[in-house]
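To start, the structure itself, in structure tokens.
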Amino acid sequence: MKRTGPLAKAVTALAVSALALTGCGGGDSAAADGDVELRFAWWGSDTRHQQTQKIIDAFEEENPGITVTGEYGDWSGYWDKLATQTASSDAPDVIQMEEKYIREYADNGALLDLSDVDVSEIDEGVVESGRTEEGLFGVATGVNIMALVANPALFEEAGVELPDDSTWTWQDYSDVAAQITENSDAYGASGPNEPAGFQIWLRQQGKEMTTPEGELGFEVADAAEYLELQKQLIEDGALPPASVLTEDQSPGPDQSLTGTNGAAMGMWWTNQLSALNAASGNDLLPLRWPGTRDPGSSSSPPGRRSTPAR
């Protein structure tokens, strides 16, 4: 019986986590005696919660008179709660903000303009992730990339060698994952992490999700081809059936197929590796994405080995 568990949400092939300050909080953060109370909201796994609390403790020790109250949760409920708090003028004072939400909250006047903050030691390209035409509304706390994370212990259990990730194609990925599914109690891989998976695949075709002008950078046929690739992976036994993939969408790294040793490979952001290692009890290995052997040529999806370059 295959083990079950989820897939983290994602936005782009490069994710930037930022901290934003609310421009219209729901209460007076300064106590009558001059002390300051701040509410700080973030999402993440148990590992991130513990690490963030340690940072808060260290900050409070260095800054007597400032008390930080943490408000955290998992990804699935974080944004619904934040939207409700913001609508009722009760948003936290400091918010961990995913890049794709900054414009929405900034345009609604919910975030403080941070243009006076000294960001000279941060790469300008990273700084831009928190900027709109109206100002700077988030300061990046980290930059990471999407990787394919492999569990060497499950590969060994299935008698399958780790792939050469400098040369493998989508067909190689399918073959390796299907072998693991057949030869072990784990699935070969968990489902794609979207929309980052689609974005990376598009880039392998020389395309982007959006153009610099903000228009779609792909055609309907591109999306259909990518979905056909995922469908073929399921049919080949490389991915779990749709019912299992559906259940693997909401939980964080701790309860995911990867974190519970239910899948030998999974698509994750690199900053989630420590949480995945702790949950699985194994040292997981980041791999390059499957793609093409010849730069400039099209990927070789399962069942489409002769697909010409686009």
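Every chain in the structure tokens takes a letter, A first, then B, and so on in the order presented; its residues are numbered from 1, and the ligands are numbered from 1 following the presented order.
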DSSP strand (DSSP E) residues within range 128-242 of chain A, listed as JSON, numbers by chain: {"A": [131, 132, 135, 136, 139, 140, 141, 142, 143, 144, 145, 146, 147, 148, 149, 150]}
Selection: 12 Å around Tyr187 in chain A, only C-alpha atoms, excl. self and same-chain fewer than 6 positions, as a PyMOL selection string: chain A and resi 1-5+150-151+154-155+157-158+174+176-181+233-234+236-241+244-245+257-258+260-266
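Excluding range 72-88 of chain A itself and any same-chain residue fewer than 3 positions from it, the protein and nucleic acid residues within 8 Å of it, counting only C-alpha atoms, are Lys9, Gly25, Gly26, Ala41, Trp42, Trp43, Gly44, Ser45, His49, Ala91, Pro92, Ala110, Ser250, Pro251 and Gly252 of chain A.
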Point-to-point distance in Å for CA of Pro64 in chain A and CA of Asp116 in chain A: 24.3 Å
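Going from CA of Asn183 in chain A over to CA of Gly159 in chain A, you cover 7.5 Å.
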All residues 7 Å or closer to Asp254 in chain A, only C-alpha atoms, same chain fewer than 5 positions away omitted, as a ChimeraX atom specification: /A:45,259,275-276,279
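Here the question is which of A:Gly206, A:Gly142, A:Gly281, A:Gly188 gets nearest to Asp123 in chain A using only C-alpha atoms, and that residue is A:Gly142.
Compared by their closest atoms to Thr270 in chain A, and using only C-alpha atoms, the residues A:Asp164, A:Tyr105, A:Glu124, A:Pro253 rank with A:Pro253 nearest.
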Coordinates-based distance that separates CA of Val36 in chain A from CA of Glu121 in chain A (Å, one decimal):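 Interatomic distance, CA of Glu121 in chain A to CA of Val36 in chain A: 27.8 Å.
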Residue contacts of Asn282 in chain A (8 Å, only C-alpha atoms) excluding same-chain residues fewer than 2 positions away, as number ranges by chain: A: 151, 153, 277-278, 280, 284
Serialized selection, C-alpha atoms, as a CSV table (one decimal), in the first residue's frame:
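Output file again29.csv follows:
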chain,number,residue,atom,x,y,z
A,151,ASN,CA,15.6,10.4,-1.3
A,153,ALA,CA,17.4,5.7,0.9
A,277,ASN,CA,15.2,16.1,6.0
A,278,ALA,CA,13.9,16.4,9.6
A,280,SER,CA,11.9,12.0,6.6
A,284,LEU,CA,17.7,14.2,0.8
